[in-house]
Every structure is written in structure tokens, then in C-alpha cells.
>>> print(open('protein.txt').read())   # compact mmCIF, C-alpha atoms and all ligand atoms
# COMPACT_ATOMS: atom_id res chain seq x y z
CA MET A 1 21.84 -8.79 2.66
CA PRO A 2 23.84 -9.23 5.89
CA ASP A 3 24.42 -12.93 6.63
CA ASP A 4 23.33 -12.69 10.24
CA LEU A 5 19.76 -11.70 9.35
CA PHE A 6 17.46 -14.68 9.36
CA PHE A 7 13.99 -14.59 7.93
CA ASP A 8 11.49 -17.42 8.05
CA GLN A 9 10.96 -17.89 4.35
CA THR A 10 9.09 -21.17 4.42
CA VAL A 11 7.00 -21.07 1.28
CA PRO A 12 3.43 -22.29 1.88
CA ASP A 13 2.46 -25.45 0.00
CA VAL A 14 -0.45 -24.26 -2.08
CA HIS A 15 -1.36 -27.83 -3.04
CA GLN A 16 -2.52 -28.41 0.52
CA PRO A 17 -5.81 -27.01 1.82
CA TYR A 18 -5.17 -23.78 3.67
CA VAL A 19 -5.34 -23.53 7.43
CA ALA A 20 -4.10 -20.20 8.78
CA ALA A 21 -1.08 -20.31 11.09
CA PRO A 22 -2.32 -20.41 14.69
CA ASP A 23 0.42 -17.97 15.80
CA ARG A 24 -0.38 -15.37 13.14
CA TYR A 25 -1.21 -12.63 15.63
CA THR A 26 2.04 -12.92 17.56
CA HIS A 27 4.39 -11.26 15.04
CA LEU A 28 3.40 -7.72 14.18
CA GLY A 29 1.17 -5.83 16.59
CA TYR A 30 -1.53 -3.52 15.19
CA ARG A 31 -1.82 0.25 14.92
CA ARG A 32 -4.94 2.38 15.19
CA VAL A 33 -6.11 4.26 12.10
CA GLY A 34 -6.29 7.80 13.43
CA ASP A 35 -9.13 8.17 15.93
CA SER A 36 -11.21 5.42 14.36
CA GLY A 37 -12.04 1.96 15.64
CA LEU A 38 -10.03 0.34 12.85
CA LEU A 39 -6.63 -1.29 13.45
CA LEU A 40 -4.15 -2.14 10.71
CA PRO A 41 -0.95 -4.14 10.70
CA PRO A 42 2.23 -2.04 10.46
CA ILE A 43 2.87 -3.68 7.10
CA SER A 44 0.07 -4.14 4.59
CA LEU A 45 0.28 -5.86 1.21
CA GLY A 46 -0.62 -4.08 -2.02
CA LEU A 47 -1.65 -5.99 -5.14
CA TRP A 48 -0.83 -3.39 -7.76
CA TRP A 49 1.63 -5.30 -9.95
CA ASN A 50 2.22 -8.88 -8.88
CA PHE A 51 -1.30 -10.30 -8.87
CA GLY A 52 -2.35 -9.92 -12.49
CA ASP A 53 -2.91 -12.63 -15.06
CA ASN A 54 0.73 -12.36 -16.17
CA ARG A 55 1.93 -14.10 -12.97
CA PRO A 56 1.35 -17.75 -12.05
CA PHE A 57 -1.64 -17.99 -9.74
CA ASP A 58 0.18 -20.38 -7.39
CA LEU A 59 2.93 -17.80 -6.82
CA GLN A 60 0.32 -15.21 -5.92
CA ARG A 61 -1.36 -17.65 -3.60
CA GLU A 62 1.94 -18.44 -1.86
CA VAL A 63 2.57 -14.76 -1.14
CA LEU A 64 -0.99 -14.19 0.09
CA ARG A 65 -0.99 -17.24 2.36
CA PHE A 66 2.42 -16.33 3.72
CA ALA A 67 1.32 -12.75 4.37
CA PHE A 68 -1.74 -13.74 6.36
CA ASP A 69 0.20 -16.38 8.28
CA GLN A 70 2.59 -13.63 9.36
CA GLY A 71 -0.24 -11.41 10.60
CA ILE A 72 -0.78 -9.19 7.55
CA THR A 73 -4.52 -8.68 7.71
CA HIS A 74 -4.76 -5.86 5.18
CA PHE A 75 -4.76 -6.37 1.42
CA ASP A 76 -5.04 -3.32 -0.80
CA LEU A 77 -6.51 -3.41 -4.29
CA ALA A 78 -7.96 -1.08 -6.90
CA ASN A 79 -10.26 -1.57 -9.87
CA ASN A 80 -7.34 -1.15 -12.29
CA TYR A 81 -4.76 -3.46 -10.67
CA GLY A 82 -3.64 -6.27 -12.94
CA PRO A 83 -2.80 -6.59 -15.74
CA PRO A 84 -5.33 -6.50 -17.23
CA HIS A 85 -7.45 -4.08 -15.22
CA GLY A 86 -9.56 -5.99 -12.72
CA ALA A 87 -7.36 -9.11 -12.72
CA ALA A 88 -5.86 -8.51 -9.27
CA GLU A 89 -9.33 -8.25 -7.78
CA GLU A 90 -10.37 -11.42 -9.60
CA ASN A 91 -7.30 -13.32 -8.46
CA PHE A 92 -7.62 -12.09 -4.90
CA GLY A 93 -11.33 -13.02 -5.04
CA ARG A 94 -10.29 -16.55 -6.00
CA VAL A 95 -8.01 -16.81 -2.99
CA LEU A 96 -10.72 -15.32 -0.83
CA ARG A 97 -13.01 -18.11 -1.98
CA THR A 98 -10.54 -21.01 -1.83
CA ASP A 99 -8.32 -20.12 1.12
CA PHE A 100 -9.48 -17.07 3.09
CA ARG A 101 -13.26 -17.53 3.22
CA PRO A 102 -13.29 -18.74 6.86
CA TYR A 103 -11.14 -15.72 7.71
CA ARG A 104 -13.12 -12.95 5.97
CA ASN A 105 -13.88 -11.29 9.31
CA GLU A 106 -10.13 -11.17 10.03
CA LEU A 107 -9.32 -9.32 6.80
CA ILE A 108 -9.31 -5.69 5.78
CA VAL A 109 -9.80 -5.58 2.02
CA SER A 110 -9.68 -2.23 0.30
CA THR A 111 -10.33 -1.13 -3.23
CA LYS A 112 -10.42 2.15 -5.14
CA ALA A 113 -11.71 3.94 -8.19
CA GLY A 114 -10.40 7.09 -9.81
CA TRP A 115 -8.02 6.17 -12.64
CA PRO A 116 -9.30 5.30 -16.13
CA GLN A 117 -11.20 2.00 -16.06
CA TRP A 118 -13.51 1.85 -19.08
CA PRO A 119 -13.96 3.98 -22.19
CA GLY A 120 -16.13 7.06 -22.28
CA PRO A 121 -16.84 9.84 -19.82
CA TYR A 122 -18.11 7.65 -16.95
CA GLY A 123 -15.07 5.48 -16.26
CA ASP A 124 -12.55 7.96 -14.88
CA PHE A 125 -11.97 10.48 -12.06
CA GLY A 126 -14.44 11.07 -9.22
CA SER A 127 -18.07 11.32 -10.34
CA ALA A 128 -20.81 9.52 -8.43
CA LYS A 129 -21.67 7.72 -11.68
CA TYR A 130 -18.17 6.21 -11.93
CA LEU A 131 -17.53 5.44 -8.26
CA ARG A 132 -20.81 3.65 -7.76
CA ALA A 133 -20.56 1.49 -10.90
CA SER A 134 -16.90 0.70 -10.25
CA LEU A 135 -17.48 -0.43 -6.69
CA ASP A 136 -20.23 -2.78 -7.87
CA GLU A 137 -17.84 -4.28 -10.41
CA SER A 138 -15.08 -4.59 -7.79
CA LEU A 139 -17.39 -6.43 -5.39
CA ALA A 140 -18.35 -8.88 -8.14
CA ARG A 141 -14.69 -9.57 -9.00
CA LEU A 142 -13.72 -9.91 -5.35
CA GLN A 143 -16.70 -12.16 -4.69
CA THR A 144 -17.52 -10.37 -1.49
CA ASP A 145 -20.54 -8.33 -0.36
CA TYR A 146 -18.50 -5.47 1.01
CA VAL A 147 -15.02 -4.01 1.13
CA ASP A 148 -13.59 -2.70 4.35
CA VAL A 149 -12.26 0.49 2.79
CA PHE A 150 -13.34 2.16 -0.47
CA TYR A 151 -11.12 4.96 -1.75
CA SER A 152 -11.33 7.85 -4.10
CA HIS A 153 -8.09 6.92 -5.90
CA ARG A 154 -7.07 10.38 -7.07
CA VAL A 155 -7.95 14.01 -7.09
CA ASP A 156 -10.64 15.19 -9.50
CA SER A 157 -10.50 18.96 -9.65
CA SER A 158 -13.51 19.21 -12.00
CA THR A 159 -16.05 17.25 -9.97
CA PRO A 160 -17.37 18.97 -6.83
CA ILE A 161 -15.73 17.38 -3.81
CA GLU A 162 -19.23 17.09 -2.28
CA GLU A 163 -20.15 14.69 -5.10
CA THR A 164 -17.07 12.49 -4.71
CA ILE A 165 -17.31 12.29 -0.94
CA GLY A 166 -21.09 11.87 -1.28
CA ALA A 167 -20.49 8.83 -3.48
CA LEU A 168 -18.15 7.34 -0.86
CA ASP A 169 -20.78 8.07 1.77
CA ALA A 170 -23.45 6.30 -0.29
CA ALA A 171 -21.23 3.21 -0.53
CA VAL A 172 -21.18 3.07 3.26
CA ARG A 173 -24.95 3.67 3.58
CA GLN A 174 -25.54 0.83 1.11
CA GLY A 175 -23.42 -1.54 3.16
CA LYS A 176 -20.86 -1.92 0.37
CA ALA A 177 -17.99 -0.36 2.36
CA LEU A 178 -17.35 -0.05 6.08
CA TYR A 179 -14.92 2.87 5.90
CA VAL A 180 -13.78 5.19 3.15
CA GLY A 181 -10.50 6.83 2.24
CA ILE A 182 -8.88 9.27 -0.14
CA SER A 183 -5.63 8.80 -1.97
CA SER A 184 -3.04 11.33 -3.15
CA TYR A 185 -5.17 14.34 -2.13
CA SER A 186 -3.12 17.43 -1.27
CA ALA A 187 -3.23 18.80 2.27
CA GLU A 188 -5.65 21.57 1.28
CA ARG A 189 -8.01 19.27 -0.62
CA THR A 190 -7.85 16.76 2.22
CA GLU A 191 -9.11 19.41 4.62
CA ARG A 192 -12.05 20.10 2.32
CA ALA A 193 -12.80 16.40 1.96
CA ILE A 194 -12.76 15.98 5.73
CA ALA A 195 -15.14 18.92 6.19
CA VAL A 196 -17.65 17.41 3.75
CA ALA A 197 -17.31 13.97 5.35
CA ARG A 198 -17.92 15.44 8.79
CA GLU A 199 -21.14 17.06 7.61
CA LEU A 200 -22.37 13.79 6.16
CA HIS A 201 -21.06 11.70 9.10
CA THR A 202 -19.06 9.64 6.62
CA PRO A 203 -16.42 7.37 8.16
CA LEU A 204 -13.55 8.93 6.20
CA VAL A 205 -10.75 7.48 8.30
CA ILE A 206 -7.66 7.10 6.12
CA HIS A 207 -5.50 8.79 3.52
CA GLN A 208 -3.25 6.81 1.18
CA PRO A 209 -0.35 8.95 -0.06
CA ALA A 210 2.94 8.05 -1.73
CA TYR A 211 5.58 8.33 0.97
CA SER A 212 9.13 7.02 1.17
CA LEU A 213 12.68 8.06 1.91
CA LEU A 214 12.85 9.27 -1.70
CA ASN A 215 9.50 11.06 -1.69
CA ARG A 216 8.71 13.10 1.41
CA TRP A 217 6.00 15.48 0.10
CA VAL A 218 3.52 14.50 2.83
CA GLU A 219 5.71 16.14 5.45
CA HIS A 220 4.87 19.57 4.01
CA GLY A 221 1.38 19.83 5.48
CA LEU A 222 -0.54 16.65 4.78
CA LEU A 223 0.60 14.65 7.83
CA ASP A 224 -0.27 17.62 10.05
CA VAL A 225 -3.77 17.83 8.61
CA LEU A 226 -4.26 14.10 9.14
CA GLY A 227 -2.91 14.25 12.69
CA ARG A 228 -5.11 17.25 13.60
CA SER A 229 -8.19 15.65 12.07
CA GLY A 230 -7.75 12.17 13.49
CA LEU A 231 -7.23 10.37 10.18
CA GLY A 232 -4.71 7.60 9.66
CA ALA A 233 -2.09 7.44 6.89
CA ILE A 234 -1.07 4.38 4.92
CA ALA A 235 2.11 5.02 2.95
CA PHE A 236 2.21 3.58 -0.56
CA THR A 237 5.33 2.75 -2.59
CA PRO A 238 7.45 2.79 0.59
CA LEU A 239 10.32 1.24 -1.37
CA ALA A 240 9.91 3.71 -4.25
CA GLN A 241 8.73 0.80 -6.40
CA GLY A 242 11.81 -1.24 -5.59
CA LEU A 243 14.49 1.47 -5.80
CA LEU A 244 14.98 1.33 -2.03
CA THR A 245 16.25 -2.25 -1.99
CA ASN A 246 19.66 -3.85 -1.92
CA ARG A 247 18.74 -5.70 -5.13
CA CYS A 248 18.35 -2.51 -7.06
CA LEU A 249 21.59 -1.12 -5.69
CA GLN A 250 23.58 -4.29 -6.34
CA GLN A 251 22.26 -4.84 -9.84
CA GLY A 252 22.10 -1.19 -10.82
CA GLN A 253 18.70 -1.81 -12.45
CA VAL A 254 15.13 -1.02 -11.53
CA HIS A 255 13.69 -4.15 -13.15
CA ALA A 256 16.01 -6.80 -11.81
CA SER A 257 13.34 -9.49 -11.33
CA GLY A 258 11.45 -8.72 -14.49
CA GLY A 259 8.76 -7.16 -12.32
CA ARG A 260 6.90 -4.11 -13.64
CA THR A 261 7.01 -0.61 -12.27
CA THR A 262 6.29 2.80 -13.70
CA LEU A 263 9.90 3.77 -13.03
CA SER A 264 12.70 3.08 -15.45
CA ASP A 265 16.43 2.72 -15.20
CA ALA A 266 16.57 6.44 -16.04
CA ASP A 267 15.25 7.10 -12.52
CA LEU A 268 18.44 5.55 -11.18
CA THR A 269 20.32 8.78 -11.70
CA ALA A 270 23.84 9.11 -10.34
CA GLU A 271 22.43 11.27 -7.52
CA ASN A 272 19.83 8.65 -6.65
CA LEU A 273 22.39 5.84 -6.75
CA GLU A 274 24.57 7.80 -4.38
CA ARG A 275 21.59 8.40 -2.08
CA LEU A 276 20.73 4.72 -2.11
CA GLN A 277 24.33 3.78 -1.32
CA ARG A 278 24.49 6.18 1.59
CA LEU A 279 21.14 4.96 2.92
CA ALA A 280 22.34 1.36 2.54
CA ASP A 281 25.37 2.27 4.66
CA VAL A 282 23.06 3.58 7.40
CA ALA A 283 21.04 0.36 7.10
CA THR A 284 24.12 -1.84 7.43
CA ARG A 285 25.21 0.00 10.57
CA ARG A 286 21.75 -0.72 12.00
CA GLY A 287 21.93 -4.40 10.98
CA GLN A 288 19.22 -3.89 8.38
CA THR A 289 18.81 -4.21 4.65
CA LEU A 290 17.99 -1.08 2.68
CA ALA A 291 14.34 -2.17 2.32
CA GLN A 292 14.09 -2.76 6.06
CA LEU A 293 15.54 0.67 6.79
CA ALA A 294 13.05 2.29 4.40
CA ILE A 295 10.12 0.55 6.11
CA ALA A 296 11.39 1.08 9.66
CA TRP A 297 11.94 4.78 9.01
CA LEU A 298 8.30 5.19 7.96
CA LEU A 299 7.05 3.22 10.96
CA HIS A 300 9.14 5.35 13.27
CA ASN A 301 6.68 8.17 12.47
CA ASP A 302 3.57 7.63 14.56
CA ARG A 303 1.49 9.54 12.03
CA VAL A 304 2.01 6.56 9.70
CA THR A 305 -0.47 3.82 10.54
CA SER A 306 0.74 1.25 8.04
CA VAL A 307 3.31 0.79 5.31
CA LEU A 308 1.72 -0.51 2.12
CA LEU A 309 4.29 -2.45 0.19
CA GLY A 310 4.45 -4.68 -2.83
CA ALA A 311 6.25 -8.02 -3.03
CA SER A 312 6.67 -10.52 -5.83
CA THR A 313 8.01 -13.36 -3.66
CA VAL A 314 7.72 -14.82 -0.19
CA GLN A 315 11.42 -14.09 0.30
CA GLN A 316 10.97 -10.37 -0.29
CA LEU A 317 8.04 -10.22 2.08
CA ALA A 318 9.90 -12.18 4.75
CA GLU A 319 12.82 -9.77 4.53
CA ASN A 320 10.56 -6.73 4.67
CA LEU A 321 8.51 -7.96 7.63
CA GLN A 322 11.66 -8.15 9.71
CA ALA A 323 11.73 -4.34 9.67
CA VAL A 324 9.12 -4.13 12.42
CA HIS A 325 11.66 -5.42 14.94
CA ASN A 326 13.91 -2.40 14.64
CA THR A 327 11.99 0.86 14.21
CA GLY A 328 13.82 2.99 16.77
CA PHE A 329 16.22 5.65 15.45
CA THR A 330 18.78 7.79 17.19
CA GLU A 331 18.71 11.56 16.64
CA ALA A 332 22.02 11.23 14.80
CA GLU A 333 20.61 8.59 12.44
CA LEU A 334 17.53 10.70 11.71
CA ALA A 335 19.68 13.75 11.03
CA GLU A 336 21.91 11.78 8.68
CA ILE A 337 18.87 10.41 6.83
CA ASP A 338 17.40 13.92 6.57
CA GLU A 339 20.62 15.16 5.06
CA ILE A 340 20.80 12.30 2.53
CA THR A 341 17.17 12.68 1.48
CA ALA A 342 16.86 16.47 1.59
CA ALA A 343 16.86 17.01 -2.18
CA ASP A 344 13.92 15.82 -4.28
CA ALA A 345 14.67 12.47 -5.91
CA GLY A 346 12.16 13.05 -8.71
CA VAL A 347 10.29 9.78 -8.26
CA ASN A 348 6.86 11.08 -7.22
CA ILE A 349 4.98 10.27 -10.39
CA TRP A 350 1.74 11.03 -8.54
CA ALA A 351 2.58 14.69 -7.92
CA GLN A 352 0.38 15.96 -10.75
CA SER A 353 -2.59 13.80 -9.81
CA SER A 354 -2.27 15.08 -6.24
CA ASP A 355 -2.59 18.68 -7.39
CA LEU A 356 0.91 19.43 -6.10
P1 LIG B 1 7.01 -0.78 -3.11
O1 LIG B 1 6.93 -1.55 -1.84
O2 LIG B 1 7.63 0.56 -3.11
O3 LIG B 1 7.74 -1.66 -4.23
C1 LIG B 1 7.45 -3.03 -4.33
C2 LIG B 1 8.41 -3.71 -5.27
O4 LIG B 1 9.74 -3.63 -4.76
C3 LIG B 1 8.12 -5.20 -5.34
O5 LIG B 1 7.12 -5.48 -6.28
C4 LIG B 1 9.48 -5.77 -5.71
O6 LIG B 1 9.73 -5.63 -7.09
C5 LIG B 1 10.42 -4.86 -4.96
N1 LIG B 1 10.77 -5.40 -3.63
C6 LIG B 1 9.99 -5.44 -2.51
N2 LIG B 1 10.68 -5.96 -1.49
C7 LIG B 1 11.92 -6.26 -1.94
C8 LIG B 1 13.07 -6.81 -1.37
N3 LIG B 1 13.10 -7.15 -0.10
N4 LIG B 1 14.17 -6.97 -2.15
C9 LIG B 1 14.15 -6.61 -3.44
N5 LIG B 1 13.08 -6.07 -4.06
C10 LIG B 1 11.97 -5.91 -3.32
O7 LIG B 1 5.52 -0.67 -3.54
P2 LIG B 1 4.66 -0.67 -4.89
O8 LIG B 1 4.53 -2.07 -5.37
O9 LIG B 1 5.12 0.38 -5.82
O10 LIG B 1 3.29 -0.22 -4.26
C11 LIG B 1 2.78 -0.89 -3.11
C12 LIG B 1 1.30 -0.78 -3.07
O11 LIG B 1 0.91 0.58 -2.88
C13 LIG B 1 0.57 -1.19 -4.33
O12 LIG B 1 0.45 -2.59 -4.47
C14 LIG B 1 -0.75 -0.53 -4.12
O13 LIG B 1 -1.54 -1.29 -3.23
C15 LIG B 1 -0.35 0.79 -3.46
N6 LIG B 1 -0.26 1.88 -4.44
C16 LIG B 1 -1.23 2.83 -4.39
C17 LIG B 1 -1.21 3.88 -5.28
C18 LIG B 1 -2.29 4.93 -5.21
O14 LIG B 1 -2.41 5.75 -6.12
N7 LIG B 1 -3.07 4.94 -4.15
C19 LIG B 1 -0.21 3.96 -6.26
C20 LIG B 1 0.77 2.98 -6.26
C21 LIG B 1 0.74 1.96 -5.35
P3 LIG B 1 9.52 -6.84 -8.15
O15 LIG B 1 8.01 -6.98 -8.27
O16 LIG B 1 10.16 -6.31 -9.37
O17 LIG B 1 10.16 -8.05 -7.56
>>> encode(input="protein.txt", output="C-alpha cells", more="lines below")
Ligand code: NAP
Amino acid sequence: MPDDLFFDQTVPDVHQPYVAAPDRYTHLGYRRVGDSGLLLPPISLGLWWNFGDNRPFDLQREVLRFAFDQGITHFDLANNYGPPHGAAEENFGRVLRTDFRPYRNELIVSTKAGWPQWPGPYGDFGSAKYLRASLDESLARLQTDYVDVFYSHRVDSSTPIEETIGALDAAVRQGKALYVGISSYSAERTERAIAVARELHTPLVIHQPAYSLLNRWVEHGLLDVLGRSGLGAIAFTPLAQGLLTNRCLQQGQVHASGGRTTLSDADLTAENLERLQRLADVATRRGQTLAQLAIAWLLHNDRVTSVLLGASTVQQLAENLQAVHNTGFTEAELAEIDEITAADAGVNIWAQSSDL
């Protein structure tokens, strides 16, 4: 990391009662989710890996407190985040009770269902039976009456899309979700989902696709559909699960911190290492770290409402947040980045579940 970059990395003292930082809304600015009334921070925090029962609760609490103090109002969960499944919702629910309860109206909490959650035919994909039962379980774990966004987590090509969107709609009618979203749906399936939602008057306002410098599939149609239809986009795995960081480049390993990802060191092919090095060179010229470049490049695109990243430490989050201060790119920089990232990096493990 360049020496001249300073990040406020003051780790919150979790042994003190929590009072949110009074200046928390002065750092980030907020972006509108498509044509909806909802605003999100440019950087949102996802709880996929680092909020399970395998990580000390105090560490989780530090990151969550720090995030909110910096103006991150959006926390993204799913029924299966952990480990074990459900643990991230339980742990976040604990923090919601102990620290964030007075601030519930300032938070956007999302959850999802769609990946396998319990045995048998009713705990997977996109049936009304699964989505309804899963949301009830999520609300119990989160200890909240409603989530702000409830997502269909993945494509289900066997269930009629009317049923899946109908189940999301029912969650809103029942007061269990304020808005709904879809994740990893292809451009074509997104158009069909939007058509059904329009008929039902369902507040389908957001799509959550994988999108990063190493995975640009959304540029081949999906972002146009979202733009035309007035939906927002929140980009998940913006750092390609940690590949797009100086740490990964310096250590030549995916799992430098012992954190868990679905990628392996085999994904650090010679071609990908070269790409990362060239992107890091662009970042250095811009006075950024590689992670900051990866986030800033996504935010440069006004079709992207928010960048949904993961972080295992306050230090990582502090570094990443700094990206919002430098999101302008010259034409030459964009052209260079396009050239570096033109070939597929092979890290979109969600391609199959998106119907791509
Ligand atoms: P990511 O932001 O691409 O990767 C996050 C990981 O990168 C961190 O856990 C950390 O690894 C490492 N990292 C972050 N900042 C760093 C820094 N400054 N320096 C060094 N390493 C750094 O995102 P992700 O965790 O894969 O996914 C983010 C969120 O997207 C998830 O939590 C979830 O909410 C959402 N998501 C959604 C779907 C879906 O199907 N809708 C799928 C996947 C993810 P270590 O933990 O090893 O330190």
C-alpha cells in the first residue's frame, strides 16, 4: 500500500456501550436505487464469510460498528451465510439487538433465499414454499420484524417465474420486506421478472449480480435492462473474493489471511497474476491500492448503485472506503483497463446459476 495513503483505522472498543458516530453521514454520500425511493451507500457490507461462528464475535462487532460509524447503512445477508448456515444472520441479529437497535430505521438489512438451506425438496431454488418459510426463519434469526430487501438468490429455471416473483410480492404484502430483489438473473430472465413484478405492483427495485474488473458479464445486456427499467444494481464480489487486492498480489495466494473463499490458488493463473499486476500499476499511478481501484472503477459506472464488498478486518474496510474519494477516470485509464480486462478471467463461479 502506498505510504502516503492514510486511513482512519481506529478500531471500535466493543467493551463499551455503542453510540453511533455523530459524523457518520459526512463521509460517503448516498446513491438512488434506480427509480425507487431507496438510497444506498456507495459501499455496502456483505456478511457472506466473515460473520459465521468460526470467527470471534467481538471481531465481527468491531467491523460492523466501524462500518456504520463510517456511514455504511446497508448490510447484506442470506439464509445460508455462516458457517454454519444461518449463523451470519444470528450474529448480525445479536449486534442489531445489542448495538444497532436504536438505529434500526437507519439501516438497510437484506437477506435472500435460493441456495440449498435444508434437506428435501422444499429448501432450495425458488418455490413459494421455500421462499416463504426461509424468510420467516431469517426474520427470527435476525430478531427483526422485517427486512428492507428480500431477494430471490438465484435463478430457478424449473419454477414458473410468476411463482417466485409472487412469493417476493407476498413477503411485501405481509410486511416482512419493504423491497425485493433478484440476484444473478440473466438479462433475459430479468426482463421477465420485471414484467411479472410490474403486473403485481411489486417493488422489485434491485438486482445483485457478480461484477468486478475480473468478471464483466453484466455489461453484455444486464446493465442496459436495469437502466431501461429503472432498477438499481449492487455489485457483489467486487474484489473477486480478494483476488483484486495488493495482499493477494504480494503474497501470491488467495487465502493469505486464512479467510475462506470459493476460489483457490489455482485461480491465480499466470494470466490472472499478470492482469492483477498491470491493474495494480494503474492503481499506483492513481495513488490507489488495487482494491481501491477495483471499487472506484465500479462506482465510476452510474448504473452501479452500490459496491457490495466483504471485509474481515477494520483495516481492510478502512482502506476500501477510501476508494469513494477518487472515482473519476480519464479516457486513457478506462481504455487501458478495458485492454487489461478484455479476456475472461474465469472467476465467475455463478455463471451456471445465472443461466449464462
Ligand atoms: P469481495 O469484496 O470480492 O472479497 C472480500 C474479501 O477480500 C474479504 O473477505 C477479504 O478476504 C478480502 N479483502 C477485502 N478488502 C481487502 C483489502 N483491502 N486488502 C486485502 N484483502 C481484502 O467480496 P465477497 O466477500 O466475495 O462478497 C461480498 C458480498 O457479496 C458477500 O458478503 C455477500 O453479501 C455478497 N455475495 C452475494 C452473492 C450472491 O449470490 N448474491 C454471492 C457472493 C457474495 P479475507 O476474508 O480472506 O480477509
>>> residues_near_ligand(input="protein.txt", ligand="ligand LIG 1 (chain B)", cutoff="7 Å", atoms="all atoms listed in the file", output="PyMOL selection string")
chain A and resi 45-50+76-77+153-154+183-184+208-210+236-242+245-248+255-261+291+308-313+316-317+319-320
>>> atom_distance(input="protein.txt", atom1="CA of Phe57 in chain A", atom2="CA of Tyr18 in chain A")
15.0 Å
>>> atom_distance(input="protein.txt", atom1="CA of Leu214 in chain A", atom2="CA of Ile108 in chain A")
27.8 Å
>>> closest_residue(input="protein.txt", among="A:Ile234, A:Gly346, A:Ile72, A:Pro42", to="Leu268 in chain A", atoms="only C-alpha atoms")
A:Gly346
>>> residues_around(input="protein.txt", residues="Arg94 in chain A", least_positions_apart="6", cutoff="10 Å", atoms="only C-alpha atoms", output="PyMOL selection string")
chain A and resi 57+61+88+100-101+141-143
>>> write_last_selection(input="protein.txt", atoms="C-alpha atoms", output="mmCIF file, in the frame of the given file")
data_model
loop_
_atom_site.group_PDB
_atom_site.id
_atom_site.type_symbol
_atom_site.label_atom_id
_atom_site.label_comp_id
_atom_site.auth_asym_id
_atom_site.auth_seq_id
_atom_site.Cartn_x
_atom_site.Cartn_y
_atom_site.Cartn_z
ATOM 1 C CA PHE A 57 -1.640 -17.990 -9.740
ATOM 2 C CA ARG A 61 -1.360 -17.650 -3.600
ATOM 3 C CA ALA A 88 -5.860 -8.510 -9.270
ATOM 4 C CA PHE A 100 -9.480 -17.070 3.090
ATOM 5 C CA ARG A 101 -13.260 -17.530 3.220
ATOM 6 C CA ARG A 141 -14.690 -9.570 -9.000
ATOM 7 C CA LEU A 142 -13.720 -9.910 -5.350
ATOM 8 C CA GLN A 143 -16.700 -12.160 -4.690
#
>>> closest_residue(input="protein.txt", among="A:Glu199, A:Glu191, A:Asp148, A:Glu219", to="Arg303 in chain A", atoms="all atoms listed in the file")
A:Glu219
>>> residues_around(input="protein.txt", residues="Ala67 in chain A", least_positions_apart="3", cutoff="9 Å", atoms="only C-alpha atoms", output="list in words")
Ser44, Leu45, Glu62, Val63, Leu64, Gln70, Gly71, Ile72, Thr73, Val314, Leu317 and Ala318 of chain A
>>> residues_around(input="protein.txt", residues="Tyr179 in chain A", least_positions_apart="3", cutoff="10 Å", atoms="only C-alpha atoms", output="VMD selection string")
chain A and resid 36 38 110 147 to 151 168 to 169 171 to 172 175 to 176 202 to 206
>>> residues_around(input="protein.txt", residues="Asp124 in chain A", least_positions_apart="3", cutoff="7 Å", atoms="all atoms listed in the file", output="ChimeraX atom specification")
/A:114-117,121,130
>>> atom_distance(input="protein.txt", atom1="CA of Arg275 in chain A", atom2="CA of Ile349 in chain A")
18.7 Å
